[in-house]
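Here's target_27.txt, which has compact mmCIF, C-alpha atoms:
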```
# COMPACT_ATOMS: atom_id res chain seq x y z
CA MET A 1 76.80 19.46 -13.64
CA LYS A 2 75.66 15.89 -13.27
CA ASN A 3 73.46 14.76 -16.13
CA PHE A 4 69.85 13.92 -15.35
CA LEU A 5 70.08 10.58 -17.13
CA THR A 6 73.03 8.31 -17.77
CA ILE A 7 73.94 6.78 -21.14
CA PRO A 8 72.62 3.31 -20.13
CA GLU A 9 69.36 4.89 -19.00
CA GLU A 10 68.92 6.74 -22.28
CA ILE A 11 69.80 3.60 -24.25
CA TYR A 12 67.17 1.70 -22.27
CA LEU A 13 64.62 4.41 -23.09
CA LEU A 14 65.47 4.06 -26.77
CA SER A 15 64.76 0.34 -26.45
CA ILE A 16 61.14 0.83 -25.42
CA ASP A 17 58.22 1.99 -27.52
CA GLU A 18 55.59 4.62 -26.81
CA ASN A 19 53.74 2.17 -24.54
CA GLY A 20 56.79 1.16 -22.53
CA ASN A 21 57.20 -2.25 -24.21
CA GLN A 22 60.69 -3.24 -25.17
CA HIS A 23 61.18 -3.56 -28.91
CA LEU A 24 61.69 -7.09 -30.23
CA ASN A 25 65.22 -6.21 -31.37
CA PHE A 26 66.27 -5.81 -27.76
CA ARG A 27 64.77 -9.01 -26.38
CA ASN A 28 67.99 -10.96 -26.59
CA GLU A 29 71.39 -11.17 -25.04
CA SER A 30 72.83 -8.67 -27.49
CA PHE A 31 71.13 -6.08 -25.33
CA ASP A 32 73.32 -7.14 -22.42
CA ILE A 33 76.34 -6.33 -24.58
CA ILE A 34 74.84 -2.97 -25.51
CA ILE A 35 74.07 -2.08 -21.90
CA ALA A 36 77.55 -3.16 -20.78
CA SER A 37 79.07 -0.94 -23.46
CA SER A 38 76.87 1.99 -22.52
CA ILE A 39 77.96 1.71 -18.88
CA LEU A 40 81.61 1.84 -19.96
CA MET A 41 80.82 4.88 -22.11
CA GLU A 42 79.20 6.66 -19.18
CA MET A 43 82.31 5.91 -17.13
CA LEU A 44 84.48 7.28 -19.91
CA LEU A 45 82.51 10.54 -19.95
CA LEU A 46 82.80 10.77 -16.16
CA HIS A 47 86.58 10.21 -16.48
CA ILE A 48 86.37 7.09 -14.33
CA ILE A 49 88.11 5.27 -17.16
CA ASP A 50 90.00 6.31 -20.26
CA SER A 51 90.57 4.35 -23.46
CA ASP A 52 92.41 4.17 -26.72
CA GLU A 53 91.60 2.10 -29.80
CA LYS A 54 92.18 -1.17 -27.94
CA TYR A 55 92.38 -0.75 -24.20
CA ILE A 56 90.50 0.68 -21.24
CA PHE A 57 92.46 2.16 -18.33
CA PRO A 58 91.33 3.21 -14.85
CA ASP A 59 91.29 7.00 -14.37
CA LYS A 60 89.51 8.67 -11.41
CA THR A 61 87.84 5.78 -9.66
CA ASP A 62 86.04 7.64 -6.86
CA LYS A 63 82.43 6.54 -6.33
CA VAL A 64 79.77 8.70 -7.99
CA ASN A 65 76.76 7.76 -5.84
CA ASP A 66 75.06 5.82 -8.63
CA PRO A 67 74.51 2.14 -7.71
CA LEU A 68 74.93 0.99 -11.31
CA ILE A 69 78.18 2.83 -11.94
CA ASP A 70 79.60 2.33 -8.45
CA GLY A 71 79.27 -1.44 -8.74
CA VAL A 72 81.34 -1.39 -11.92
CA ILE A 73 83.88 0.99 -10.38
CA ASP A 74 84.53 -1.71 -7.77
CA GLN A 75 85.35 -4.14 -10.56
CA ILE A 76 87.59 -1.64 -12.37
CA VAL A 77 89.45 -0.93 -9.12
CA GLU A 78 89.81 -4.63 -8.40
CA TYR A 79 91.28 -5.28 -11.86
CA ASN A 80 93.45 -2.14 -11.58
CA ASN A 81 95.15 -2.46 -14.95
CA SER A 82 94.63 -1.79 -18.63
CA ARG A 83 92.39 -4.35 -20.31
CA ARG A 84 91.04 -4.87 -23.82
CA ILE A 85 87.76 -3.04 -24.47
CA GLU A 86 86.10 -6.23 -25.74
CA ASP A 87 87.06 -8.10 -22.58
CA TRP A 88 85.45 -5.49 -20.32
CA ILE A 89 82.31 -5.50 -22.45
CA SER A 90 82.16 -9.29 -22.18
CA THR A 91 82.76 -9.35 -18.44
CA LEU A 92 80.06 -6.77 -17.77
CA SER A 93 77.61 -8.43 -20.17
CA PHE A 94 77.44 -11.35 -17.75
CA GLN A 95 75.67 -9.01 -15.35
CA GLY A 96 73.07 -7.85 -17.87
CA GLN A 97 69.99 -8.79 -15.90
CA HIS A 98 71.28 -7.03 -12.81
CA PHE A 99 72.02 -3.90 -14.87
CA ARG A 100 68.55 -3.89 -16.44
CA ASP A 101 66.96 -4.05 -13.01
CA GLU A 102 69.15 -1.20 -11.74
CA ILE A 103 68.38 0.94 -14.79
CA ILE A 104 64.61 0.45 -14.54
CA THR A 105 64.69 1.14 -10.80
CA SER A 106 66.60 4.36 -11.41
CA LEU A 107 64.28 5.51 -14.22
CA VAL A 108 61.26 4.88 -12.00
CA ARG A 109 62.91 6.83 -9.18
CA LYS A 110 63.54 9.73 -11.57
CA GLU A 111 59.87 9.59 -12.66
CA VAL A 112 60.66 8.92 -16.29
CA LEU A 113 59.05 5.46 -16.14
CA LYS A 114 56.51 3.82 -13.87
CA ILE A 115 55.67 0.19 -13.23
CA GLU A 116 52.09 -1.01 -13.04
CA ASN A 117 51.14 -4.68 -12.87
CA GLU A 118 54.77 -5.65 -13.55
CA GLN A 119 54.75 -3.70 -16.82
CA VAL A 120 56.86 -0.67 -17.60
CA PHE A 121 55.18 2.53 -18.83
CA TRP A 122 56.34 6.06 -19.52
CA PHE A 123 55.56 8.23 -16.52
CA PHE A 124 53.89 10.76 -18.77
CA SER A 125 51.50 9.81 -21.53
CA LYS A 126 54.23 10.16 -24.15
CA ARG A 127 58.03 10.18 -24.51
CA LYS A 128 58.94 13.00 -22.21
CA TYR A 129 61.33 13.74 -19.36
CA PRO A 130 60.21 15.52 -16.19
CA MET A 131 61.18 19.12 -15.57
CA VAL A 132 64.59 19.47 -13.94
CA GLY A 133 64.52 22.79 -12.11
CA ASP A 134 63.07 25.22 -14.64
CA GLU A 135 64.38 23.26 -17.56
CA GLN A 136 62.51 20.87 -19.84
CA LEU A 137 65.18 18.43 -21.00
CA GLU A 138 64.90 17.19 -24.56
CA GLU A 139 64.08 13.50 -24.78
CA VAL A 140 66.85 11.36 -26.25
CA GLN A 141 65.10 10.20 -29.43
CA SER A 142 64.22 13.74 -30.42
CA ARG A 143 67.72 14.97 -29.49
CA ILE A 144 69.50 12.35 -31.61
CA ARG A 145 67.25 13.05 -34.60
CA ASN A 146 67.92 16.78 -34.36
CA LEU A 147 71.67 16.19 -34.15
CA ILE A 148 71.78 13.99 -37.23
CA PHE A 149 69.56 16.30 -39.28
CA SER A 150 71.83 19.26 -38.47
CA SER A 151 75.46 19.91 -39.32
CA ASP A 152 76.36 20.75 -35.70
CA LEU A 153 79.36 19.22 -33.99
CA PRO A 154 78.04 16.54 -31.63
CA GLY A 155 78.17 16.82 -27.87
CA GLU A 156 80.05 13.91 -26.34
CA ARG A 157 76.97 12.25 -24.81
CA ASP A 158 74.99 12.27 -28.03
CA MET A 159 78.09 11.16 -29.91
CA VAL A 160 78.35 7.95 -27.89
CA ILE A 161 74.62 7.24 -28.18
CA VAL A 162 74.86 7.49 -31.98
CA SER A 163 77.88 5.20 -31.82
CA ILE A 164 75.93 2.59 -29.84
CA LEU A 165 72.91 2.73 -32.15
CA LYS A 166 74.99 2.45 -35.31
CA ASN A 167 77.33 -0.27 -34.06
CA SER A 168 74.46 -2.30 -32.59
CA ASN A 169 72.42 -2.04 -35.77
CA LEU A 170 69.63 -0.34 -33.84
CA LEU A 171 69.23 2.90 -35.78
CA GLY A 172 65.73 1.74 -36.69
CA THR A 173 64.54 2.68 -33.21
CA VAL A 174 65.21 6.34 -33.97
CA PHE A 175 65.15 6.74 -37.76
CA THR A 176 63.12 5.49 -40.69
CA LYS A 177 64.84 3.34 -43.31
CA GLU A 178 64.84 6.30 -45.68
CA GLU A 179 66.41 8.56 -43.08
CA ILE A 180 69.13 6.01 -42.35
CA GLU A 181 70.01 5.87 -46.06
CA LYS A 182 69.88 9.62 -46.52
CA TYR A 183 72.01 10.44 -43.46
CA ASP A 184 74.28 7.40 -43.61
CA LYS A 185 77.47 9.43 -44.07
CA ARG A 186 76.81 11.71 -41.09
CA ILE A 187 75.66 8.87 -38.84
CA SER A 188 78.72 6.79 -39.76
CA GLN A 189 81.06 9.70 -39.17
CA ILE A 190 79.70 10.40 -35.67
CA ALA A 191 79.49 6.68 -34.83
CA LYS A 192 83.22 6.28 -35.45
CA MET A 193 84.06 8.84 -32.79
CA ASP A 194 83.96 6.47 -29.84
CA PHE A 195 86.33 3.51 -29.48
CA ILE A 196 84.06 1.59 -27.10
CA GLY A 197 81.20 2.01 -29.57
CA GLN A 198 83.41 0.60 -32.30
CA SER A 199 84.04 -2.49 -30.18
CA ILE A 200 80.36 -3.39 -29.79
CA ALA A 201 79.80 -4.76 -33.29
CA PRO A 202 82.54 -7.42 -33.17
CA VAL A 203 81.41 -8.61 -29.74
CA ILE A 204 77.80 -8.94 -30.93
CA ALA A 205 78.93 -10.61 -34.15
CA ALA A 206 80.79 -13.23 -32.14
CA TYR A 207 77.52 -14.22 -30.58
CA ASP A 208 75.56 -16.18 -33.13
CA MET A 209 73.96 -19.00 -31.14
CA PRO A 210 70.38 -19.22 -29.95
CA PHE A 211 70.11 -18.26 -26.32
CA ALA A 212 67.92 -20.70 -24.52
CA SER A 213 68.80 -24.30 -24.01
CA ILE A 214 66.75 -24.12 -20.88
CA PHE A 215 64.24 -26.46 -19.26
CA ARG A 216 66.17 -29.55 -20.32
CA LYS A 217 65.90 -32.63 -18.15
CA LYS A 218 69.58 -32.73 -17.31
CA THR A 219 71.62 -32.69 -14.17
CA ALA A 220 72.48 -29.37 -12.55
CA GLU A 221 76.12 -29.91 -13.56
CA GLU A 222 75.18 -30.54 -17.20
CA MET A 223 72.86 -27.56 -17.32
CA LEU A 224 75.46 -25.25 -15.81
CA GLU A 225 78.19 -26.59 -18.09
CA GLU A 226 76.02 -25.93 -21.13
CA HIS A 227 75.15 -22.45 -19.92
CA THR A 228 78.80 -21.69 -19.22
CA ALA A 229 79.86 -23.02 -22.63
CA GLU A 230 77.29 -20.79 -24.31
CA LEU A 231 78.49 -17.77 -22.39
CA MET A 232 82.12 -18.56 -23.17
CA LYS A 233 81.29 -18.79 -26.86
CA LYS A 234 79.21 -15.66 -26.73
CA PHE A 235 81.87 -13.64 -24.96
CA ARG A 236 84.81 -15.28 -26.72
CA ILE A 237 86.34 -16.56 -23.51
CA THR A 238 88.77 -19.32 -24.41
CA ASN A 239 90.25 -20.01 -21.01
CA GLU A 240 88.05 -21.22 -18.15
CA ASN A 241 90.35 -19.42 -15.72
CA ASN A 242 88.99 -16.15 -17.08
CA LEU A 243 85.42 -16.99 -16.07
CA PRO A 244 83.94 -15.17 -13.09
CA ALA A 245 84.17 -17.22 -9.89
CA TRP A 246 80.48 -18.15 -9.93
CA LEU A 247 81.01 -19.99 -13.22
CA ARG A 248 84.54 -21.24 -12.59
CA LYS A 249 84.79 -24.86 -11.47
CA GLY A 250 86.66 -25.49 -8.26
CA THR A 251 85.56 -22.30 -6.53
CA ASP A 252 83.27 -22.16 -3.54
CA GLN A 253 81.06 -19.79 -5.47
CA TYR A 254 80.68 -22.37 -8.27
CA GLU A 255 79.32 -24.87 -5.74
CA LYS A 256 76.80 -22.25 -4.64
CA THR A 257 75.86 -21.70 -8.26
CA LEU A 258 75.22 -25.41 -8.65
CA GLU A 259 73.00 -25.36 -5.58
CA PHE A 260 70.98 -22.51 -7.07
CA VAL A 261 70.67 -24.33 -10.41
CA ARG A 262 69.42 -27.46 -8.60
CA GLU A 263 66.91 -25.40 -6.66
CA LYS A 264 65.55 -23.66 -9.75
CA GLY A 265 65.74 -26.63 -12.10
CA HIS A 266 67.48 -24.66 -14.84
CA ALA A 267 70.69 -22.73 -15.41
CA ASP A 268 69.18 -19.61 -16.92
CA ILE A 269 70.48 -17.55 -14.05
CA THR A 270 72.75 -14.68 -13.27
CA PHE A 271 74.84 -13.59 -10.32
CA ASN A 272 75.10 -10.11 -8.87
CA PRO A 273 78.66 -9.70 -7.56
CA LYS A 274 77.66 -6.62 -5.63
CA THR A 275 74.96 -8.25 -3.52
CA LYS A 276 76.49 -11.73 -3.85
CA SER A 277 73.08 -13.04 -4.80
CA TYR A 278 71.70 -15.17 -7.61
CA SER A 279 68.59 -14.52 -9.62
CA GLU A 280 66.79 -16.14 -12.50
CA LEU A 281 66.97 -14.31 -15.80
CA ASN A 282 63.73 -12.41 -15.95
CA PHE A 283 62.15 -11.60 -19.28
CA SER A 284 58.92 -10.21 -17.87
CA TYR A 285 59.93 -6.66 -18.76
CA TYR A 286 60.10 -7.42 -22.44
CA ASN A 287 57.73 -10.29 -23.08
CA THR A 288 54.70 -8.16 -23.69
CA GLY A 289 53.48 -5.96 -26.49
CA SER A 290 54.46 -5.56 -30.10
CA GLY A 291 57.89 -5.16 -31.56
CA VAL A 292 59.49 -2.81 -34.03
CA MET B 293 103.41 16.45 -22.54
CA ASN B 294 104.88 19.83 -23.45
CA LEU B 295 103.18 22.61 -25.36
CA LYS B 296 105.08 25.39 -27.11
CA SER B 297 103.26 28.17 -28.89
CA ARG B 298 104.13 30.90 -31.38
CA GLU B 299 102.18 33.26 -33.58
CA LYS B 300 102.04 33.06 -37.36
CA GLY B 301 99.65 35.51 -38.98
CA LYS B 302 96.21 35.05 -37.50
CA TYR B 303 97.15 31.58 -36.23
CA THR B 304 98.57 30.46 -32.92
CA ILE B 305 100.72 27.46 -33.67
CA VAL B 306 100.78 25.03 -30.75
CA GLU B 307 103.44 22.36 -30.87
CA ILE B 308 102.55 19.26 -28.84
CA GLU B 309 105.32 17.00 -27.64
CA GLY B 310 104.92 13.67 -25.84
CA ARG B 311 101.71 11.90 -24.80
CA ILE B 312 98.20 13.09 -24.03
CA ASP B 313 96.78 10.43 -21.76
CA THR B 314 95.05 9.79 -18.44
CA SER B 315 97.86 11.48 -16.54
CA ASN B 316 97.73 14.85 -18.25
CA TYR B 317 94.61 15.44 -20.39
CA GLU B 318 93.34 17.90 -17.78
CA ASP B 319 96.53 19.96 -18.08
CA PHE B 320 96.09 19.91 -21.83
CA ALA B 321 92.50 21.14 -21.53
CA GLN B 322 93.52 23.81 -19.05
CA GLN B 323 96.32 25.12 -21.24
CA LEU B 324 94.03 25.31 -24.28
CA GLN B 325 91.47 27.17 -22.21
CA ILE B 326 94.14 29.71 -21.29
CA PHE B 327 94.79 30.33 -25.01
CA ILE B 328 91.06 30.75 -25.65
CA ASP B 329 90.63 33.04 -22.64
CA LYS B 330 93.42 35.22 -24.03
CA GLY B 331 91.40 35.67 -27.21
CA VAL B 332 93.06 33.11 -29.47
CA LYS B 333 90.55 32.07 -32.16
CA PHE B 334 92.62 30.15 -34.69
CA ILE B 335 94.89 27.33 -33.54
CA VAL B 336 97.12 25.07 -35.63
CA PHE B 337 98.38 22.05 -33.73
CA GLU B 338 101.84 20.99 -34.86
CA MET B 339 101.75 17.30 -33.98
CA SER B 340 104.90 15.69 -35.35
CA LYS B 341 106.16 15.06 -31.81
CA LEU B 342 102.86 13.83 -30.38
CA GLU B 343 103.47 10.19 -29.46
CA TYR B 344 100.13 8.99 -28.12
CA ILE B 345 96.60 10.26 -27.52
CA SER B 346 93.77 8.63 -25.57
CA SER B 347 90.01 9.13 -25.88
CA SER B 348 90.07 11.85 -23.24
CA GLY B 349 92.64 13.76 -25.29
CA LEU B 350 90.61 13.40 -28.47
CA ARG B 351 87.52 14.71 -26.74
CA ILE B 352 89.43 17.82 -25.68
CA PHE B 353 90.16 18.48 -29.35
CA LEU B 354 86.43 18.17 -30.03
CA SER B 355 85.30 20.40 -27.18
CA SER B 356 87.90 23.05 -28.09
CA LEU B 357 86.76 22.94 -31.70
CA LYS B 358 83.16 23.47 -30.58
CA THR B 359 84.20 26.40 -28.39
CA LEU B 360 86.21 28.09 -31.13
CA ARG B 361 83.67 27.52 -33.91
CA ALA B 362 81.03 29.11 -31.69
CA ILE B 363 83.09 32.33 -31.83
CA GLU B 364 83.90 31.87 -35.53
CA GLY B 365 87.35 30.52 -34.81
CA ASP B 366 88.78 27.17 -35.89
CA ILE B 367 91.38 24.49 -35.25
CA ALA B 368 93.60 22.89 -37.88
CA LEU B 369 96.07 20.03 -37.62
CA CYS B 370 99.54 19.82 -39.04
CA CYS B 371 102.34 17.32 -39.42
CA LEU B 372 100.70 14.22 -37.93
CA SER B 373 102.87 11.12 -37.64
CA GLU B 374 101.44 7.99 -39.30
CA LYS B 375 100.53 6.54 -35.91
CA ILE B 376 98.65 9.61 -34.70
CA LYS B 377 97.06 10.17 -38.11
CA ASN B 378 95.72 6.63 -37.92
CA VAL B 379 94.14 7.30 -34.49
CA PHE B 380 92.47 10.46 -35.79
CA GLU B 381 91.34 8.63 -38.92
CA VAL B 382 89.94 5.54 -37.19
CA SER B 383 88.07 7.74 -34.72
CA GLY B 384 86.60 9.93 -37.43
CA PHE B 385 88.20 13.03 -35.89
CA LEU B 386 90.39 13.70 -38.92
CA ASP B 387 87.31 14.68 -40.94
CA LEU B 388 86.36 17.35 -38.41
CA PHE B 389 89.50 19.43 -38.74
CA GLY B 390 91.18 21.33 -41.49
CA SER B 391 94.82 20.43 -42.02
CA PHE B 392 98.15 21.74 -43.26
CA GLU B 393 100.84 19.51 -44.73
CA ASN B 394 103.58 21.51 -43.05
CA ILE B 395 103.97 24.66 -41.02
CA ASP B 396 105.28 26.59 -44.03
CA ALA B 397 101.84 26.16 -45.59
CA VAL B 398 100.25 28.12 -42.74
CA GLU B 399 99.61 31.65 -43.98
CA ASP B 400 101.59 34.45 -42.38
```

Will you turn the file into structure tokens for me?
Amino acid sequence: MKNFLTIPEEIYLLSIDENGNQHLNFRNESFDIIIASSILMEMLLLHIIDSDEKYIFPDKTDKVNDPLIDGVIDQIVEYNNSRRIEDWISTLSFQGQHFRDEIITSLVRKEVLKIENEQVFWFFSKRKYPMVGDEQLEEVQSRIRNLIFSSDLPGERDMVIVSILKNSNLLGTVFTKEEIEKYDKRISQIAKMDFIGQSIAPVIAAYDMPFASIFRKKTAEEMLEEHTAELMKKFRITNENNLPAWLRKGTDQYEKTLEFVREKGHADITFNPKTKSYSELNFSYYNTGSGV
Amino acid sequence: MNLKSREKGKYTIVEIEGRIDTSNYEDFAQQLQIFIDKGVKFIVFEMSKLEYISSSGLRIFLSSLKTLRAIEGDIALCCLSEKIKNVFEVSGFLDLFGSFENIDAVED
């Protein structure tokens, strides 16, 4: 049976507080890495891909009628080979803004969240999922807490969520400091059980520069070069040939990127390969409210 | 991947040979389900000839363990090569299963 919510959707829900505001810890590009990883994990559970300790391989790459996942399936099919886990995480992280928009749209459609005055809120007055048939599904935060406090074997979906939280240093969104210390052994044991989860921490660790060098009075070329250099450092890309076409000099798409940068006056932008459209990075979803 | 099974006391010893990967994890799951459907509750996997296992294969070990523990059965591992032992160790799966150093140690 298809799950009501995907791993990226549940990770997004863990990133927002009771009022729908995104916690401070998530208001950075590390969250793009986390979302990219969670998409790969969902694809692993759907057997679209398989992995070992180092590599991801295509498995059953039929579309699943989910815009978020289907867009990534196209990229997996296009690559059509085994590839290092970290490299897929990095590639998909470039599309973070697009993924966030897709996730929020889907959660609104499923009536878990609602948007009013450009702000995200829980659909109900508290953390709760809608009824699915006759069943009241347990909300992710409560489910993960119950798993850790028990000695039960984890289900595979909860296993990967624990792995993301632990490897992204985000356990504080679910547990108190005391709980993290008390249940450290169990959390660590479950967190090890997913190879993609294990790959998140080194990718995040490689990213140690401040994000915005935006609004500088520089040429479009200079702004885009700086933005590209930051992304290459962040995602540990050492060869410009491995950049996506919209950031790779000499391509037609790069020229279009430059045009968009000129038009907007800054290079804080992203490109959606699915719709072939550019957009400015939009922080409106997580620029309000208090943090953790 | 080839599976060979034999009985030893209350245990069904399942010898795994070859790779469990994208091409055959479903066969592996199906064959384990057949054992479980026949009433097998205690399985020892003899893994000296297992050459490779992917995430999908590991998750079949986990789901089978859940199924068997729910009916008070269990799974144990035996005779892991260094390479496979390392995969189970790095993934935390080694801690989930009991183990035997060799098949002779499995009770009749």

Query - 12 Å contacts from chain B to chain A using only C-alpha atoms, as a ChimeraX atom specification - result: /B:312-318,344-362,375-376,378-389

Would you write out those residues with C-alpha atoms, as a PDB file, in the frame of the given file?
```pdb
ATOM      1  CA  ILE B 312      98.200  13.090 -24.030  1.00  0.00           C
ATOM      2  CA  ASP B 313      96.780  10.430 -21.760  1.00  0.00           C
ATOM      3  CA  THR B 314      95.050   9.790 -18.440  1.00  0.00           C
ATOM      4  CA  SER B 315      97.860  11.480 -16.540  1.00  0.00           C
ATOM      5  CA  ASN B 316      97.730  14.850 -18.250  1.00  0.00           C
ATOM      6  CA  TYR B 317      94.610  15.440 -20.390  1.00  0.00           C
ATOM      7  CA  GLU B 318      93.340  17.900 -17.780  1.00  0.00           C
ATOM      8  CA  TYR B 344     100.130   8.990 -28.120  1.00  0.00           C
ATOM      9  CA  ILE B 345      96.600  10.260 -27.520  1.00  0.00           C
ATOM     10  CA  SER B 346      93.770   8.630 -25.570  1.00  0.00           C
ATOM     11  CA  SER B 347      90.010   9.130 -25.880  1.00  0.00           C
ATOM     12  CA  SER B 348      90.070  11.850 -23.240  1.00  0.00           C
ATOM     13  CA  GLY B 349      92.640  13.760 -25.290  1.00  0.00           C
ATOM     14  CA  LEU B 350      90.610  13.400 -28.470  1.00  0.00           C
ATOM     15  CA  ARG B 351      87.520  14.710 -26.740  1.00  0.00           C
ATOM     16  CA  ILE B 352      89.430  17.820 -25.680  1.00  0.00           C
ATOM     17  CA  PHE B 353      90.160  18.480 -29.350  1.00  0.00           C
ATOM     18  CA  LEU B 354      86.430  18.170 -30.030  1.00  0.00           C
ATOM     19  CA  SER B 355      85.300  20.400 -27.180  1.00  0.00           C
ATOM     20  CA  SER B 356      87.900  23.050 -28.090  1.00  0.00           C
ATOM     21  CA  LEU B 357      86.760  22.940 -31.700  1.00  0.00           C
ATOM     22  CA  LYS B 358      83.160  23.470 -30.580  1.00  0.00           C
ATOM     23  CA  THR B 359      84.200  26.400 -28.390  1.00  0.00           C
ATOM     24  CA  LEU B 360      86.210  28.090 -31.130  1.00  0.00           C
ATOM     25  CA  ARG B 361      83.670  27.520 -33.910  1.00  0.00           C
ATOM     26  CA  ALA B 362      81.030  29.110 -31.690  1.00  0.00           C
ATOM     27  CA  LYS B 375     100.530   6.540 -35.910  1.00  0.00           C
ATOM     28  CA  ILE B 376      98.650   9.610 -34.700  1.00  0.00           C
ATOM     29  CA  ASN B 378      95.720   6.630 -37.920  1.00  0.00           C
ATOM     30  CA  VAL B 379      94.140   7.300 -34.490  1.00  0.00           C
ATOM     31  CA  PHE B 380      92.470  10.460 -35.790  1.00  0.00           C
ATOM     32  CA  GLU B 381      91.340   8.630 -38.920  1.00  0.00           C
ATOM     33  CA  VAL B 382      89.940   5.540 -37.190  1.00  0.00           C
ATOM     34  CA  SER B 383      88.070   7.740 -34.720  1.00  0.00           C
ATOM     35  CA  GLY B 384      86.600   9.930 -37.430  1.00  0.00           C
ATOM     36  CA  PHE B 385      88.200  13.030 -35.890  1.00  0.00           C
ATOM     37  CA  LEU B 386      90.390  13.700 -38.920  1.00  0.00           C
ATOM     38  CA  ASP B 387      87.310  14.680 -40.940  1.00  0.00           C
ATOM     39  CA  LEU B 388      86.360  17.350 -38.410  1.00  0.00           C
ATOM     40  CA  PHE B 389      89.500  19.430 -38.740  1.00  0.00           C
TER      41      PHE B 389
END
```

Taking 2 positions as the minimum chain separation for residues in the same chain, which residues sit within 12 Å of region 298-309 of chain B when counting all atoms listed in the file? Answer as a ChimeraX atom specification.
/B:293-296,311-312,320,323-324,327-328,330-345,349,365-373,376,392,394-400

Restricting to all atoms listed in the file, whichever of A:Leu165, A:Phe4, A:Met159, A:Asn19 is closest to Glu135 (chain A) is A:Phe4

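The interatomic distance for the pair CA of Met43 (chain A) and CA of Ile76 (chain A) works out to 10.4 Å.
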
Using all atoms listed in the file, which residue out of A:Ile187, A:Ile115, A:Val120, A:Ile73 lies closest to Ile16 (chain A)?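 With all atoms listed in the file as the atom set, the closest residue is A:Val120.
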